[in-house]
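Visitor: The following block contains the structure, expressed as structure tokens.
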Amino acid sequence: MTREVKQQFTFRISQANSTEMIVILYDMLLCYLEEGKELSQGEDRTAFREAVRKARGCLNELINSLRMEYEPAPTLMKLYLFCIRRLAAGELRSEAQPLLEIEQVIRPLRDAYEQLSAQNHSGSVMSNSQTVYAGLTYGRGDLTENMTDQGLNRGMYV
């Protein structure tokens, strides 16, 4: 994952509500799966394993976000565990096919959560994060960013 993509994810996380956080986790997982598919064709097995490890971390976070007392959670748990088993198979054989199978499971879930996030009007999880304004300045048309609220009380309240 490139530095710019990490920065975009960081910004999205700082502005996201609880449902959007799940969408971001799905996006990160899909990004790591894509990275793993590309690396499976090459000789760098260490980088491939690192992409698989990060994808597994995203799946673990999705599992930890489940609230098992509500109905879709047991079914989602089974899907996530299936994905973890396929991820292990892909890592063991260093092949991309299991990663493709995981993507086919995750992409519809991501799209469904994106539709749900449009209905969730709760505030940002990180209500005390800094505000970022981006736009054109009076100069030569360069894009600049201005970060306000740079106080000591930034981030999530615990």
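In the structure tokens, the first chain shown is A, the next is B, and so on; residue numbers restart at 1 for each chain, and ligands run from 1 in the order shown.
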Hey, what's within 12 Å of Glu43 (chain A) if we count only C-alpha atoms and toss same-chain stuff fewer than 5 positions away? As a list in words, please?

Guide: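 The neighbour list is Glu38, Phe48, Arg49, Ser94 and Glu95 of chain A.
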
Visitor: Could you dump the residues just selected with C-alpha atoms as a PDB file, in the first residue's frame?

Guide:
ATOM      1  CA  GLU A  38       0.098  -8.919  -7.649  1.00  0.00           C
ATOM      2  CA  PHE A  48       3.370 -11.634  -0.362  1.00  0.00           C
ATOM      3  CA  ARG A  49       3.213 -13.017   3.182  1.00  0.00           C
ATOM      4  CA  SER A  94       1.636 -18.819  -2.570  1.00  0.00           C
ATOM      5  CA  GLU A  95      -1.149 -18.582  -5.113  1.00  0.00           C
TER       6      GLU A  95
END

Visitor: Could you name the residues that touch region 2-8 of chain A at 12 Å or less, counting only C-alpha atoms, but leaving out those on the same chain fewer than 4 positions away, as a list of chain:residue names?

Guide: A:Arg12, A:Ile13, A:Ser14, A:Gln15, A:Ile24, A:Asp27, A:Met28, A:Cys31, A:Tyr32, A:Glu35

Visitor: Give the answer as one residue: which of A:Gln97, A:Ser40, A:Thr75, A:Ser124 has the shortest atom-to-atom distance to Ser18 (chain A), using only C-alpha atoms?

Guide: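 The closest residue to Ser18 (chain A) is A:Ser124.
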
Visitor: Just want the 10 Å neighbourhood of region 52-61 of chain A, counted on only C-alpha atoms, with same-chain residues fewer than 6 positions away dropped. Output as a PDB file with N, CA and C atoms, in the first residue's frame.

Guide:
ATOM      1  N   ILE A  22     -16.521   0.174   9.110  1.00  0.00           N
ATOM      2  CA  ILE A  22     -16.574  -1.182   8.560  1.00  0.00           C
ATOM      3  C   ILE A  22     -16.278  -1.141   7.062  1.00  0.00           C
ATOM      4  N   ILE A  24     -14.464   1.031   5.540  1.00  0.00           N
ATOM      5  CA  ILE A  24     -13.027   1.295   5.416  1.00  0.00           C
ATOM      6  C   ILE A  24     -12.229   0.016   5.645  1.00  0.00           C
ATOM      7  N   LEU A  25     -12.630  -0.789   6.624  1.00  0.00           N
ATOM      8  CA  LEU A  25     -11.949  -2.072   6.847  1.00  0.00           C
ATOM      9  C   LEU A  25     -12.064  -2.977   5.628  1.00  0.00           C
ATOM     10  N   TYR A  26     -13.257  -3.011   5.031  1.00  0.00           N
ATOM     11  CA  TYR A  26     -13.427  -3.794   3.805  1.00  0.00           C
ATOM     12  C   TYR A  26     -12.534  -3.259   2.688  1.00  0.00           C
ATOM     13  N   ASP A  27     -12.467  -1.932   2.541  1.00  0.00           N
ATOM     14  CA  ASP A  27     -11.615  -1.340   1.507  1.00  0.00           C
ATOM     15  C   ASP A  27     -10.145  -1.674   1.731  1.00  0.00           C
ATOM     16  N   MET A  28      -9.713  -1.613   2.986  1.00  0.00           N
ATOM     17  CA  MET A  28      -8.325  -1.963   3.289  1.00  0.00           C
ATOM     18  C   MET A  28      -8.064  -3.431   2.986  1.00  0.00           C
ATOM     19  N   LEU A  29      -9.004  -4.290   3.351  1.00  0.00           N
ATOM     20  CA  LEU A  29      -8.864  -5.718   3.071  1.00  0.00           C
ATOM     21  C   LEU A  29      -8.755  -5.956   1.572  1.00  0.00           C
ATOM     22  N   LEU A  30      -9.622  -5.320   0.789  1.00  0.00           N
ATOM     23  CA  LEU A  30      -9.571  -5.489  -0.665  1.00  0.00           C
ATOM     24  C   LEU A  30      -8.258  -4.958  -1.246  1.00  0.00           C
ATOM     25  N   CYS A  31      -7.750  -3.893  -0.672  1.00  0.00           N
ATOM     26  CA  CYS A  31      -6.476  -3.338  -1.122  1.00  0.00           C
ATOM     27  C   CYS A  31      -5.331  -4.325  -0.858  1.00  0.00           C
ATOM     28  N   TYR A  32      -5.321  -4.925   0.325  1.00  0.00           N
ATOM     29  CA  TYR A  32      -4.280  -5.904   0.647  1.00  0.00           C
ATOM     30  C   TYR A  32      -4.430  -7.177  -0.183  1.00  0.00           C
ATOM     31  N   LEU A  33      -5.660  -7.569  -0.487  1.00  0.00           N
ATOM     32  CA  LEU A  33      -5.862  -8.733  -1.359  1.00  0.00           C
ATOM     33  C   LEU A  33      -5.328  -8.453  -2.755  1.00  0.00           C
ATOM     34  N   GLU A  34      -5.581  -7.261  -3.257  1.00  0.00           N
ATOM     35  CA  GLU A  34      -5.074  -6.882  -4.585  1.00  0.00           C
ATOM     36  C   GLU A  34      -3.549  -6.880  -4.584  1.00  0.00           C
ATOM     37  N   GLU A  35      -2.972  -6.341  -3.537  1.00  0.00           N
ATOM     38  CA  GLU A  35      -1.517  -6.330  -3.402  1.00  0.00           C
ATOM     39  C   GLU A  35      -0.977  -7.762  -3.359  1.00  0.00           C
ATOM     40  N   GLY A  36      -1.659  -8.632  -2.625  1.00  0.00           N
ATOM     41  CA  GLY A  36      -1.243 -10.031  -2.535  1.00  0.00           C
ATOM     42  C   GLY A  36      -1.334 -10.739  -3.874  1.00  0.00           C
ATOM     43  N   LYS A  37      -2.389 -10.456  -4.642  1.00  0.00           N
ATOM     44  CA  LYS A  37      -2.527 -11.080  -5.966  1.00  0.00           C
ATOM     45  C   LYS A  37      -1.380 -10.672  -6.875  1.00  0.00           C
ATOM     46  N   THR A  46       8.285 -12.845   0.810  1.00  0.00           N
ATOM     47  CA  THR A  46       8.161 -12.115   2.065  1.00  0.00           C
ATOM     48  C   THR A  46       7.116 -11.015   1.944  1.00  0.00           C
ATOM     49  N   MET A  77     -19.726 -14.072  10.832  1.00  0.00           N
ATOM     50  CA  MET A  77     -18.605 -14.775  11.472  1.00  0.00           C
ATOM     51  C   MET A  77     -18.187 -15.979  10.632  1.00  0.00           C
ATOM     52  N   TYR A  80     -16.348 -14.721   7.550  1.00  0.00           N
ATOM     53  CA  TYR A  80     -15.011 -14.239   7.873  1.00  0.00           C
ATOM     54  C   TYR A  80     -14.061 -15.404   8.175  1.00  0.00           C
ATOM     55  N   LEU A  81     -14.548 -16.418   8.884  1.00  0.00           N
ATOM     56  CA  LEU A  81     -13.705 -17.583   9.173  1.00  0.00           C
ATOM     57  C   LEU A  81     -13.374 -18.353   7.899  1.00  0.00           C
ATOM     58  N   CYS A  83     -13.032 -16.939   5.010  1.00  0.00           N
ATOM     59  CA  CYS A  83     -12.012 -16.106   4.362  1.00  0.00           C
ATOM     60  C   CYS A  83     -10.643 -16.314   4.997  1.00  0.00           C
ATOM     61  N   ILE A  84     -10.598 -16.446   6.308  1.00  0.00           N
ATOM     62  CA  ILE A  84      -9.318 -16.681   6.980  1.00  0.00           C
ATOM     63  C   ILE A  84      -8.736 -18.032   6.564  1.00  0.00           C
ATOM     64  N   ARG A  85      -9.585 -19.060   6.451  1.00  0.00           N
ATOM     65  CA  ARG A  85      -9.085 -20.373   6.006  1.00  0.00           C
ATOM     66  C   ARG A  85      -8.571 -20.312   4.573  1.00  0.00           C
ATOM     67  N   LEU A  87      -7.427 -17.660   3.101  1.00  0.00           N
ATOM     68  CA  LEU A  87      -6.214 -16.852   3.147  1.00  0.00           C
ATOM     69  C   LEU A  87      -5.018 -17.700   3.555  1.00  0.00           C
ATOM     70  N   ALA A  88      -5.231 -18.590   4.518  1.00  0.00           N
ATOM     71  CA  ALA A  88      -4.160 -19.497   4.940  1.00  0.00           C
ATOM     72  C   ALA A  88      -3.765 -20.434   3.808  1.00  0.00           C
ATOM     73  N   GLY A  90      -4.038 -19.803   0.587  1.00  0.00           N
ATOM     74  CA  GLY A  90      -3.306 -19.006  -0.393  1.00  0.00           C
ATOM     75  C   GLY A  90      -1.886 -18.723   0.039  1.00  0.00           C
ATOM     76  N   GLU A  91      -1.712 -18.480   1.331  1.00  0.00           N
ATOM     77  CA  GLU A  91      -0.371 -18.221   1.851  1.00  0.00           C
ATOM     78  C   GLU A  91       0.490 -19.475   1.786  1.00  0.00           C
ATOM     79  N   SER A  94       1.186 -20.040  -1.882  1.00  0.00           N
ATOM     80  CA  SER A  94       1.636 -18.819  -2.570  1.00  0.00           C
ATOM     81  C   SER A  94       0.938 -18.646  -3.907  1.00  0.00           C
ATOM     82  N   LEU A  99      -7.218 -15.806  -2.909  1.00  0.00           N
ATOM     83  CA  LEU A  99      -7.428 -14.379  -2.698  1.00  0.00           C
ATOM     84  C   LEU A  99      -8.575 -13.871  -3.567  1.00  0.00           C
TER      85      LEU A  99
END

Visitor: So, with only C-alpha atoms as the atoms that count, which of A:Leu39, A:Ala47, A:Ala16, A:Ile63 lies closest to Ala96 (chain A)?

Guide: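 Smallest separation from Ala96 (chain A) among the options: A:Leu39.
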
Visitor: Excluding Asn17 (chain A) and its own-chain neighbours fewer than 2 positions away, which residues fall within 6 Å of it when counting only C-alpha atoms? Please give them as a ChimeraX atom specification.

Guide: /A:19-20,123-125

Visitor: For those residues, write N, CA and C atoms to a file as a PDB file, in the first residue's frame.

Guide:
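Final output, result.pdb:
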ATOM      1  N   THR A  19     -20.446   2.781  10.995  1.00  0.00           N
ATOM      2  CA  THR A  19     -20.704   1.966   9.804  1.00  0.00           C
ATOM      3  C   THR A  19     -19.668   2.229   8.725  1.00  0.00           C
ATOM      4  N   GLU A  20     -19.265   3.478   8.587  1.00  0.00           N
ATOM      5  CA  GLU A  20     -18.230   3.804   7.607  1.00  0.00           C
ATOM      6  C   GLU A  20     -16.898   3.159   7.971  1.00  0.00           C
ATOM      7  N   GLY A 123     -22.569  10.694  14.413  1.00  0.00           N
ATOM      8  CA  GLY A 123     -21.341  11.463  14.257  1.00  0.00           C
ATOM      9  C   GLY A 123     -20.128  10.588  14.080  1.00  0.00           C
ATOM     10  N   SER A 124     -19.036  11.242  13.857  1.00  0.00           N
ATOM     11  CA  SER A 124     -17.760  10.572  13.672  1.00  0.00           C
ATOM     12  C   SER A 124     -17.352   9.846  14.949  1.00  0.00           C
ATOM     13  N   VAL A 125     -16.731   8.681  14.785  1.00  0.00           N
ATOM     14  CA  VAL A 125     -16.230   7.936  15.935  1.00  0.00           C
ATOM     15  C   VAL A 125     -15.141   8.747  16.626  1.00  0.00           C
TER      16      VAL A 125
END
